[in-house]
$ cat input_24.tsv   # TSV, C-alpha atoms and all ligand atoms
chain	number	residue	atom	x	y	z
A	1	MET	CA	13.82	-49.56	9.61
A	2	GLY	CA	13.86	-51.65	12.75
A	3	ASN	CA	11.58	-53.04	15.38
A	4	TYR	CA	10.05	-50.44	17.60
A	5	GLY	CA	8.04	-50.35	20.79
A	6	ARG	CA	4.57	-49.08	21.61
A	7	HIS	CA	5.58	-45.47	21.94
A	8	VAL	CA	5.79	-44.58	18.24
A	9	GLN	CA	5.01	-41.21	16.72
A	10	THR	CA	5.14	-39.55	13.36
A	11	TRP	CA	8.24	-37.36	12.96
A	12	SER	CA	6.20	-34.17	13.37
A	13	GLU	CA	4.72	-35.44	16.65
A	14	ALA	CA	8.14	-36.53	17.83
A	15	MET	CA	9.76	-33.19	16.90
A	16	GLU	CA	7.01	-31.22	18.62
A	17	ALA	CA	7.51	-33.13	21.88
A	18	ALA	CA	11.32	-33.26	21.61
A	19	LEU	CA	11.69	-29.52	21.01
A	20	TYR	CA	8.75	-27.87	22.77
A	21	GLY	CA	7.20	-30.48	25.12
A	22	PRO	CA	7.58	-30.23	28.93
A	23	ASN	CA	11.13	-31.66	28.71
A	24	GLY	CA	11.74	-30.29	25.23
A	25	PHE	CA	15.15	-29.17	24.07
A	26	TYR	CA	14.14	-25.49	23.73
A	27	ARG	CA	12.54	-25.42	27.18
A	28	THR	CA	15.96	-25.73	28.76
A	29	ASN	CA	18.49	-24.84	26.06
A	30	SER	CA	19.36	-21.59	24.38
A	31	PRO	CA	20.34	-22.02	20.70
A	32	ASP	CA	23.62	-20.12	21.16
A	33	GLN	CA	24.79	-22.81	23.63
A	34	HIS	CA	24.68	-25.34	20.80
A	35	PHE	CA	25.27	-23.76	17.41
A	36	ARG	CA	26.42	-20.62	15.71
A	37	THR	CA	23.81	-18.78	13.67
A	38	SER	CA	23.97	-15.56	11.66
A	39	ALA	CA	21.97	-13.92	14.45
A	40	ASN	CA	24.25	-14.90	17.32
A	41	ALA	CA	27.56	-14.63	15.43
A	42	GLY	CA	27.98	-10.86	15.95
A	43	PRO	CA	26.55	-7.42	15.17
A	44	LEU	CA	27.00	-7.18	11.38
A	45	LEU	CA	23.77	-8.91	10.47
A	46	ALA	CA	21.94	-6.25	12.48
A	47	GLU	CA	23.73	-3.49	10.57
A	48	SER	CA	22.51	-4.99	7.27
A	49	LEU	CA	18.97	-5.27	8.61
A	50	VAL	CA	19.12	-1.58	9.52
A	51	ALA	CA	19.50	-0.83	5.80
A	52	LEU	CA	16.34	-2.85	5.18
A	53	MET	CA	14.50	-1.14	8.03
A	54	VAL	CA	15.47	2.32	6.73
A	55	ALA	CA	14.04	1.37	3.32
A	56	ILE	CA	10.81	0.09	4.87
A	57	ASP	CA	10.45	3.29	6.90
A	58	GLU	CA	10.83	5.36	3.75
A	59	ASP	CA	8.39	3.19	1.81
A	60	LEU	CA	5.80	3.49	4.54
A	61	GLY	CA	6.16	7.28	4.75
A	62	HIS	CA	7.96	7.43	8.13
A	63	PRO	CA	5.04	6.34	10.34
A	64	ASN	CA	4.92	7.35	14.03
A	65	GLN	CA	5.22	3.74	15.16
A	66	LEU	CA	7.16	0.88	13.56
A	67	GLU	CA	7.86	-2.64	14.78
A	68	ILE	CA	10.65	-5.13	14.44
A	69	VAL	CA	9.34	-8.52	15.47
A	70	ASP	CA	11.78	-11.45	15.71
A	71	VAL	CA	9.96	-14.78	15.81
A	72	GLY	CA	12.00	-17.55	17.44
A	73	ALA	CA	14.42	-14.92	18.75
A	74	GLY	CA	16.51	-17.39	20.79
A	75	ASP	CA	18.48	-15.34	23.31
A	76	GLY	CA	17.32	-12.02	21.76
A	77	ARG	CA	20.84	-11.05	20.71
A	78	LEU	CA	19.85	-9.93	17.23
A	79	LEU	CA	17.20	-7.57	18.62
A	80	SER	CA	19.70	-6.15	21.11
A	81	SER	CA	22.14	-5.46	18.27
A	82	LEU	CA	19.38	-3.92	16.15
A	83	HIS	CA	18.31	-1.77	19.07
A	84	HIS	CA	21.84	-0.30	19.18
A	85	ALA	CA	22.38	-0.10	15.43
A	86	LEU	CA	19.20	1.78	14.39
A	87	PRO	CA	19.65	5.51	13.75
A	88	GLU	CA	18.41	7.34	16.86
A	89	GLU	CA	15.45	9.05	15.20
A	90	LEU	CA	14.21	5.72	13.78
A	91	SER	CA	14.93	3.93	17.05
A	92	THR	CA	12.61	6.29	18.98
A	93	ARG	CA	9.74	5.28	16.65
A	94	THR	CA	10.51	1.54	16.65
A	95	GLN	CA	9.33	-1.10	19.09
A	96	ALA	CA	11.43	-4.27	19.00
A	97	THR	CA	9.67	-7.43	20.17
A	98	ALA	CA	10.88	-11.01	20.52
A	99	VAL	CA	8.36	-13.81	20.06
A	100	GLU	CA	9.75	-16.81	21.92
A	101	VAL	CA	8.60	-19.86	23.80
A	102	ARG	CA	11.73	-19.57	25.97
A	103	PRO	CA	11.89	-17.34	29.07
A	104	ARG	CA	13.07	-13.74	28.69
A	105	PRO	CA	16.86	-13.50	29.18
A	106	PRO	CA	17.62	-11.41	32.29
A	107	ASP	CA	20.17	-9.20	30.51
A	108	LEU	CA	17.90	-8.17	27.61
A	109	PRO	CA	17.58	-4.36	27.36
A	110	PRO	CA	14.31	-3.34	29.07
A	111	GLY	CA	12.98	-1.57	25.95
A	112	ILE	CA	12.76	-4.85	24.03
A	113	GLY	CA	9.44	-6.65	24.34
A	114	TRP	CA	9.30	-10.41	24.98
A	115	GLN	CA	6.14	-12.47	24.44
A	116	ASP	CA	5.10	-15.96	23.41
A	117	GLY	CA	2.59	-14.97	20.72
A	118	LEU	CA	2.61	-12.70	17.69
A	119	PRO	CA	1.40	-9.10	17.91
A	120	GLU	CA	-1.98	-8.76	16.19
A	121	GLN	CA	-0.80	-6.43	13.39
A	122	ILE	CA	2.79	-5.63	12.50
A	123	THR	CA	3.94	-2.56	10.61
A	124	GLY	CA	7.63	-2.80	9.82
A	125	LEU	CA	9.98	-5.77	9.76
A	126	LEU	CA	9.01	-9.33	10.63
A	127	LEU	CA	11.99	-11.65	11.10
A	128	ALA	CA	12.18	-15.44	11.39
A	129	LEU	CA	15.78	-16.63	11.48
A	130	GLU	CA	16.39	-20.36	11.70
A	131	PHE	CA	12.82	-20.66	12.92
A	132	LEU	CA	11.15	-22.60	10.10
A	133	ASP	CA	13.68	-25.46	10.19
A	134	ASN	CA	12.51	-26.13	13.76
A	135	VAL	CA	8.84	-26.22	12.80
A	136	PRO	CA	7.97	-29.93	12.98
A	137	CYS	CA	7.61	-31.82	9.72
A	138	ASP	CA	6.50	-35.30	8.77
A	139	VAL	CA	8.66	-37.63	6.74
A	140	ALA	CA	7.52	-39.99	3.99
A	141	GLN	CA	9.49	-42.68	2.23
A	142	VAL	CA	9.00	-44.70	-0.95
A	143	GLU	CA	8.54	-48.35	0.00
A	144	SER	CA	7.41	-51.05	-2.44
A	145	GLY	CA	6.53	-48.30	-4.88
A	146	GLU	CA	4.26	-46.44	-2.40
A	147	LEU	CA	4.79	-43.33	-0.31
A	148	GLN	CA	4.45	-44.21	3.37
A	149	LEU	CA	4.63	-42.12	6.50
A	150	VAL	CA	7.73	-42.74	8.60
A	151	GLU	CA	7.14	-43.35	12.29
A	152	VAL	CA	9.81	-43.12	14.95
A	153	ASP	CA	10.50	-44.39	18.44
A	154	PRO	CA	11.45	-41.20	20.33
A	155	SER	CA	13.80	-42.97	22.72
A	156	THR	CA	15.95	-44.66	20.05
A	157	ALA	CA	15.10	-42.97	16.71
A	158	ALA	CA	14.32	-46.46	15.33
A	159	GLU	CA	11.97	-45.97	12.40
A	160	ALA	CA	9.17	-47.98	10.83
A	161	LEU	CA	6.78	-47.51	7.94
A	162	ALA	CA	3.23	-48.11	8.86
A	163	ARG	CA	0.73	-45.65	7.53
A	164	PRO	CA	-0.24	-44.25	4.17
A	165	ILE	CA	0.18	-40.50	3.74
A	166	SER	CA	-2.88	-38.23	3.75
A	167	ASP	CA	-4.33	-36.68	0.59
A	168	GLU	CA	-3.06	-33.26	1.68
A	169	GLN	CA	0.45	-34.63	2.17
A	170	ALA	CA	0.29	-36.39	-1.21
A	171	GLU	CA	-0.69	-33.11	-2.86
A	172	TRP	CA	2.18	-31.25	-1.21
A	173	ILE	CA	4.68	-33.91	-2.29
A	174	ALA	CA	3.37	-33.94	-5.87
A	175	ARG	CA	3.63	-30.14	-6.07
A	176	TRP	CA	6.93	-29.54	-4.27
A	177	TRP	CA	9.03	-32.67	-3.89
A	178	PRO	CA	7.95	-35.58	-6.10
A	179	ILE	CA	9.97	-38.74	-5.49
A	180	SER	CA	9.56	-42.27	-6.81
A	181	ASP	CA	12.79	-44.23	-6.27
A	182	GLU	CA	12.73	-46.96	-3.65
A	183	GLY	CA	14.04	-45.67	-0.30
A	184	ASP	CA	13.90	-41.98	-1.23
A	185	ARG	CA	12.58	-39.69	1.50
A	186	VAL	CA	10.73	-36.41	1.56
A	187	GLU	CA	10.30	-34.01	4.48
A	188	ILE	CA	6.78	-32.71	4.06
A	189	GLY	CA	6.76	-28.93	4.47
A	190	LEU	CA	3.03	-28.41	5.08
A	191	GLN	CA	3.48	-27.25	8.69
A	192	ARG	CA	6.31	-24.91	7.73
A	193	ASP	CA	4.14	-23.41	4.95
A	194	GLN	CA	1.29	-22.94	7.44
A	195	ALA	CA	3.62	-21.41	10.05
A	196	TRP	CA	5.07	-18.95	7.54
A	197	ALA	CA	1.63	-18.05	6.14
A	198	GLY	CA	0.53	-17.43	9.74
A	199	LEU	CA	3.40	-14.99	10.27
A	200	VAL	CA	2.86	-13.18	6.98
A	201	SER	CA	-0.84	-12.82	7.75
A	202	HIS	CA	0.10	-10.77	10.85
A	203	LEU	CA	2.12	-8.34	8.74
A	204	ASP	CA	0.02	-5.31	7.94
A	205	ARG	CA	2.62	-3.30	6.00
A	206	GLY	CA	6.33	-3.92	5.65
A	207	VAL	CA	8.57	-6.89	4.86
A	208	ALA	CA	8.65	-10.42	6.29
A	209	VAL	CA	12.06	-12.10	6.14
A	210	ALA	CA	12.76	-15.79	6.74
A	211	VAL	CA	16.39	-16.90	6.84
A	212	ASP	CA	17.14	-20.59	6.89
A	213	TYR	CA	18.98	-23.51	5.39
A	214	GLY	CA	16.76	-24.98	2.78
A	215	HIS	CA	16.23	-25.94	-0.80
A	216	THR	CA	14.22	-25.12	-3.89
A	217	ARG	CA	12.45	-27.39	-6.36
A	218	GLU	CA	15.38	-27.20	-8.75
A	219	GLU	CA	17.79	-28.48	-6.08
A	220	ARG	CA	15.35	-31.15	-4.89
A	221	ASP	CA	14.85	-32.35	-8.46
A	222	SER	CA	18.60	-32.78	-8.78
A	223	GLY	CA	18.32	-35.60	-6.24
A	224	VAL	CA	20.87	-34.30	-3.71
A	225	PHE	CA	18.26	-34.24	-0.95
A	226	ASP	CA	16.67	-37.62	-1.75
A	227	GLY	CA	17.99	-39.18	1.46
A	228	GLY	CA	16.34	-36.43	3.53
A	229	THR	CA	17.99	-33.81	5.72
A	230	LEU	CA	16.76	-34.61	9.26
A	231	ALA	CA	19.62	-33.86	11.64
A	232	GLY	CA	20.37	-33.46	15.32
A	233	TYR	CA	22.69	-30.88	16.90
A	234	ARG	CA	24.12	-30.66	20.37
A	235	GLU	CA	27.01	-28.62	21.72
A	236	GLY	CA	28.23	-27.59	18.30
A	237	ARG	CA	28.26	-31.10	16.87
A	238	GLN	CA	25.96	-32.99	14.55
A	239	VAL	CA	24.47	-35.99	16.37
A	240	VAL	CA	21.98	-38.74	15.56
A	241	PRO	CA	18.55	-37.06	15.60
A	242	ILE	CA	17.04	-38.93	18.53
A	243	PRO	CA	13.81	-37.05	19.35
A	244	ASP	CA	14.05	-37.42	23.13
A	245	GLY	CA	14.72	-33.77	24.03
A	246	SER	CA	18.48	-34.21	24.23
A	247	CYS	CA	19.32	-32.37	21.00
A	248	ASP	CA	18.00	-29.92	18.44
A	249	ILE	CA	16.06	-31.69	15.68
A	250	THR	CA	15.93	-29.91	12.36
A	251	ALA	CA	15.34	-30.41	8.66
A	252	HIS	CA	16.01	-28.14	5.70
A	253	VAL	CA	13.13	-25.91	4.62
A	254	ALA	CA	11.41	-26.00	1.21
A	255	MET	CA	11.81	-22.24	0.81
A	256	ASP	CA	9.90	-21.95	-2.47
A	257	ALA	CA	6.89	-23.69	-0.93
A	258	CYS	CA	6.98	-21.20	1.95
A	259	ALA	CA	7.22	-18.35	-0.57
A	260	GLN	CA	4.02	-19.57	-2.23
A	261	ALA	CA	2.32	-19.82	1.17
A	262	GLY	CA	3.41	-16.24	1.90
A	263	LEU	CA	1.86	-15.06	-1.37
A	264	THR	CA	-1.38	-16.83	-0.50
A	265	ALA	CA	-1.27	-15.06	2.88
A	266	GLY	CA	-1.22	-11.68	1.16
A	267	ALA	CA	2.42	-10.87	0.39
A	268	ASP	CA	2.88	-8.80	-2.76
A	269	SER	CA	5.86	-10.79	-3.99
A	270	GLY	CA	8.62	-13.13	-2.89
A	271	VAL	CA	12.32	-12.46	-3.27
A	272	LEU	CA	14.40	-15.59	-2.64
A	273	ARG	CA	18.18	-15.16	-2.52
A	274	ARG	CA	21.20	-16.75	-0.90
A	275	GLN	CA	22.34	-14.89	2.21
A	276	SER	CA	25.63	-13.95	0.52
A	277	SER	CA	23.70	-12.21	-2.26
A	278	ALA	CA	21.09	-10.59	0.02
A	279	LEU	CA	23.70	-9.20	2.43
A	280	ARG	CA	25.87	-7.84	-0.39
A	281	THR	CA	22.79	-6.09	-1.79
A	282	LEU	CA	22.21	-4.56	1.64
A	283	GLY	CA	25.76	-3.21	1.63
A	284	LEU	CA	27.85	-5.78	3.51
A	285	ASP	CA	31.35	-6.39	2.22
A	286	ALA	CA	34.29	-8.36	3.55
A	287	ARG	CA	37.08	-6.12	2.28
A	288	ARG	CA	40.05	-5.87	4.59
A	289	PRO	CA	41.16	-2.41	5.69
A	290	PRO	CA	44.06	-0.86	3.76
A	291	LEU	CA	47.44	-1.99	5.04
A	292	GLU	CA	48.70	1.54	5.66
A	293	LEU	CA	46.01	1.89	8.36
A	294	ALA	CA	48.03	-0.60	10.43
A	295	ARG	CA	50.75	2.05	10.68
A	296	THR	CA	48.59	5.15	11.12
A	297	ASP	CA	45.85	3.72	13.37
A	298	PRO	CA	46.61	0.19	14.56
A	299	GLN	CA	43.43	-0.08	16.63
A	300	ALA	CA	41.17	0.92	13.70
A	301	TYR	CA	43.13	-1.56	11.55
A	302	SER	CA	42.57	-4.44	13.95
A	303	GLU	CA	38.87	-3.52	14.31
A	304	GLY	CA	38.61	-3.42	10.50
A	305	LEU	CA	40.21	-6.84	10.24
A	306	ALA	CA	37.81	-8.31	12.82
A	307	ARG	CA	34.89	-6.79	10.93
A	308	ALA	CA	36.11	-8.18	7.59
A	309	SER	CA	36.49	-11.62	9.09
A	310	HIS	CA	33.00	-11.54	10.59
A	311	ALA	CA	31.55	-10.33	7.25
A	312	ALA	CA	33.40	-13.15	5.46
A	313	GLU	CA	31.75	-15.65	7.81
A	314	LEU	CA	28.27	-14.30	7.01
A	315	LEU	CA	29.01	-14.30	3.27
A	316	ASP	CA	30.81	-17.67	3.10
A	317	PRO	CA	29.19	-19.60	0.21
A	318	ALA	CA	30.08	-22.88	1.92
A	319	GLY	CA	28.64	-21.78	5.27
A	320	LEU	CA	26.21	-19.12	6.49
A	321	GLY	CA	26.31	-17.38	3.09
A	322	SER	CA	24.54	-20.37	1.54
A	323	PHE	CA	21.44	-19.88	3.71
A	324	TRP	CA	18.31	-18.71	1.92
A	325	TRP	CA	16.67	-15.34	2.50
A	326	LEU	CA	12.97	-15.24	1.68
A	327	MET	CA	11.75	-11.63	1.66
A	328	GLN	CA	8.04	-10.97	1.22
A	329	PRO	CA	6.87	-7.35	1.14
A	330	LYS	CA	3.30	-6.31	1.85
A	331	ALA	CA	1.94	-2.89	0.89
A	332	CYS	CA	5.54	-1.71	0.76
A	333	GLY	CA	6.70	0.58	-2.02
A	334	PRO	CA	9.54	1.29	-4.37
A	335	VAL	CA	12.48	1.59	-2.00
A	336	PHE	CA	12.39	-2.11	-1.10
A	337	ALA	CA	11.76	-2.97	-4.73
A	338	GLY	CA	14.57	-0.61	-5.75
A	339	PHE	CA	17.26	-2.74	-4.14
A	340	ASN	CA	19.05	-4.58	-6.87
A	341	TRP	CA	18.29	-8.13	-5.62
A	342	SER	CA	20.60	-9.72	-8.15
A	401	LIG	C1	17.24	-22.43	16.00
A	401	LIG	S1	16.62	-21.33	17.15
A	401	LIG	C2	16.97	-19.80	16.32
A	401	LIG	C3	17.26	-18.65	17.24
A	401	LIG	C4	17.67	-17.34	16.57
A	401	LIG	N1	16.64	-16.85	15.69
A	401	LIG	C5	18.96	-17.47	15.80
A	401	LIG	O1	18.90	-17.46	14.56
A	401	LIG	O2	20.01	-17.60	16.45
A	401	LIG	C6	14.87	-21.46	16.99
A	401	LIG	C7	14.13	-20.72	18.09
A	401	LIG	O3	12.75	-20.69	17.77
A	401	LIG	C8	12.01	-20.80	18.98
A	401	LIG	N2	10.64	-21.22	18.63
A	401	LIG	C9	10.27	-22.35	18.03
A	401	LIG	N3	8.93	-22.41	17.84
A	401	LIG	C10	8.44	-21.26	18.34
A	401	LIG	C11	7.13	-20.70	18.42
A	401	LIG	N4	6.06	-21.34	17.95
A	401	LIG	N5	6.99	-19.49	18.98
A	401	LIG	C12	8.07	-18.82	19.44
A	401	LIG	N6	9.34	-19.29	19.39
A	401	LIG	C13	9.52	-20.50	18.85
A	401	LIG	C14	12.81	-21.79	19.80
A	401	LIG	O4	12.53	-21.71	21.17
A	401	LIG	C15	14.25	-21.38	19.46
A	401	LIG	O5	14.76	-20.47	20.38
$ encode --input "input_24.tsv" --output "structure tokens" --more "lines below"
Ligand SMILES: C[S@@+](CC[C@H](N)C(=O)[O-])C[C@H]1O[C@@H](n2cnc3c(N)ncnc32)[C@H](O)[C@@H]1O
Amino acid sequence: MGNYGRHVQTWSEAMEAALYGPNGFYRTNSPDQHFRTSANAGPLLAESLVALMVAIDEDLGHPNQLEIVDVGAGDGRLLSSLHHALPEELSTRTQATAVEVRPRPPDLPPGIGWQDGLPEQITGLLLALEFLDNVPCDVAQVESGELQLVEVDPSTAAEALARPISDEQAEWIARWWPISDEGDRVEIGLQRDQAWAGLVSHLDRGVAVAVDYGHTREERDSGVFDGGTLAGYREGRQVVPIPDGSCDITAHVAMDACAQAGLTAGADSGVLRRQSSALRTLGLDARRPPLELARTDPQAYSEGLARASHAAELLDPAGLGSFWWLMQPKACGPVFAGFNWS
């Protein structure tokens, strides 16, 4: 904690301005310029989501019109891949729509919708990949035995403790991330919970899926996140999170709190799994092609190797495979439930 000037903000105010304000990071930067995500790493994620979409279609009785809505779609690459990967008959009944604050990329296939707000009612698949970690959050810290709100100077990231937390924030912390040791920090997930509940409330029938780096109460209680997870990213590197618009500002998501918010917003249940587990359940595997294929069909062999290496990246327990998948069905039947979400 240092001295700071007049221009101080809470972390949620600073994140909002730094990411989405007039000079905000996401006004001028596409996520794929700065970091690799499951969505922009290649087409295999889309293939797995097709399996989910086929199940939803069956559960909903093959309706005439289905939607895939990707909230925080970045450059729209996942929707483009999904557009190509859906079976033709299902594709003709499916409208894919990106919800983004960024401008529509010029090379996006014309059939994919692009808008800055959610459709009123969604029947099908609602996606939010690495969206919730960019929803602003406030930070509180234990100081002299009390929880205090952390304020930040957006031009230097110098912090100070000045204000008590609100009753609502205190309730959230007590329920989801209780801390008491001097200097411990908590990133208050209220705005993420509200954002996720808002998305789920627009789902009429189908499944809402949030994919993000995050934590659950069990992990938080273990103390590994006590220092907080606020981070900055720019050009593939982790940088000091200075909220001046020069870098992405992010914090891990309390996924179990979001799951509860989704239930309150009308979801029937919440399935929370690591990406490695969710993708394996949806049929992804990283097996290499048999060696004899190298002799009989070298091109198929090299394509199989590339595919296996991409799958391994998505399943890597020390990387993208450790991300959480929160899946919340609404009025969706036994096919989704019938997946063995082990
Ligand atoms: C980290 S990027 C993730 C992009 C993509 N889903 C992926 O996984 O590669 C987060 C995206 O969410 C967008 N975003 C943030 N808040 C939004 C909002 N309220 N409405 C629409 N898009 C938003 C940002 O512009 C940014 O492109």
$ closest_residue --input "input_24.tsv" --among "A:Leu230, A:Val335, A:Leu78, A:Ala294" --to "ligand LIG 401 (chain A)" --atoms "all atoms listed in the file"
A:Leu78
$ residues_near_ligand --input "input_24.tsv" --ligand "ligand LIG 401 (chain A)" --cutoff "6 Å" --atoms "all atoms listed in the file" --output "list in words"
Tyr26, Pro31, Thr37, Ala39, Asn40, Val71, Gly72, Ala73, Gly74, Val99, Glu100, Val101, Arg102, Asp116, Leu129, Glu130 and Phe131 of chain A
$ closest_residue --input "input_24.tsv" --among "A:Leu147, A:Ile112, A:Leu293, A:Ala251" --to "Asp167 in chain A" --atoms "all atoms listed in the file"
A:Leu147
$ residues_around --input "input_24.tsv" --residues "Gly145 in chain A" --least-positions-apart "6" --cutoff "9 Å" --atoms "all atoms listed in the file" --output "JSON, numbers by chain"
{"A": [180, 181, 182]}
$ write_last_selection --input "input_24.tsv" --atoms "C-alpha atoms" --output "compact mmCIF listing (two decimals), in the coordinates of the input"
# COMPACT_ATOMS: atom_id res chain seq x y z
CA SER A 180 9.56 -42.27 -6.81
CA ASP A 181 12.79 -44.23 -6.27
CA GLU A 182 12.73 -46.96 -3.65
$ residues_near_point --input "input_24.tsv" --point "(18.3, -8.1, 23.6)" --cutoff "7 Å" --atoms "all atoms listed in the file" --output "PDB file with C-alpha atoms, in the frame of the given file"
ATOM      1  CA  GLY A  76      17.320 -12.020  21.760  1.00  0.00           C
ATOM      2  CA  ARG A  77      20.840 -11.050  20.710  1.00  0.00           C
ATOM      3  CA  LEU A  78      19.850  -9.930  17.230  1.00  0.00           C
ATOM      4  CA  LEU A  79      17.200  -7.570  18.620  1.00  0.00           C
ATOM      5  CA  SER A  80      19.700  -6.150  21.110  1.00  0.00           C
ATOM      6  CA  LEU A 108      17.900  -8.170  27.610  1.00  0.00           C
ATOM      7  CA  PRO A 109      17.580  -4.360  27.360  1.00  0.00           C
ATOM      8  CA  ILE A 112      12.760  -4.850  24.030  1.00  0.00           C
TER       9      ILE A 112
END
$ residues_near_point --input "input_24.tsv" --point "(-2.1, -17.0, 2.6)" --cutoff "10 Å" --atoms "only C-alpha atoms" --output "count of residues only"
17
$ atom_distance --input "input_24.tsv" --atom1 "CA of Ala231 in chain A" --atom2 "CA of Ala312 in chain A"
25.6 Å
$ closest_residue --input "input_24.tsv" --among "A:Pro136, A:Pro334, A:Gly113, A:Gly270" --to "Ile249 in chain A" --atoms "only C-alpha atoms"
A:Pro136
$ residues_around --input "input_24.tsv" --residues "Ala17 in chain A" --least-positions-apart "4" --cutoff "10 Å" --atoms "only C-alpha atoms" --output "ChimeraX atom specification"
/A:9,11-13,21-25,136,154,243-245
$ residues_around --input "input_24.tsv" --residues "Asp212 in chain A" --least-positions-apart "3" --cutoff "12 Å" --atoms "all atoms listed in the file" --output "PyMOL selection string"
chain A and resi 37-39+127-135+192+209+215+250-256+258+272-275+319-327
$ atom_distance --input "input_24.tsv" --atom1 "CA of Ala96 in chain A" --atom2 "CA of His83 in chain A"
7.3 Å
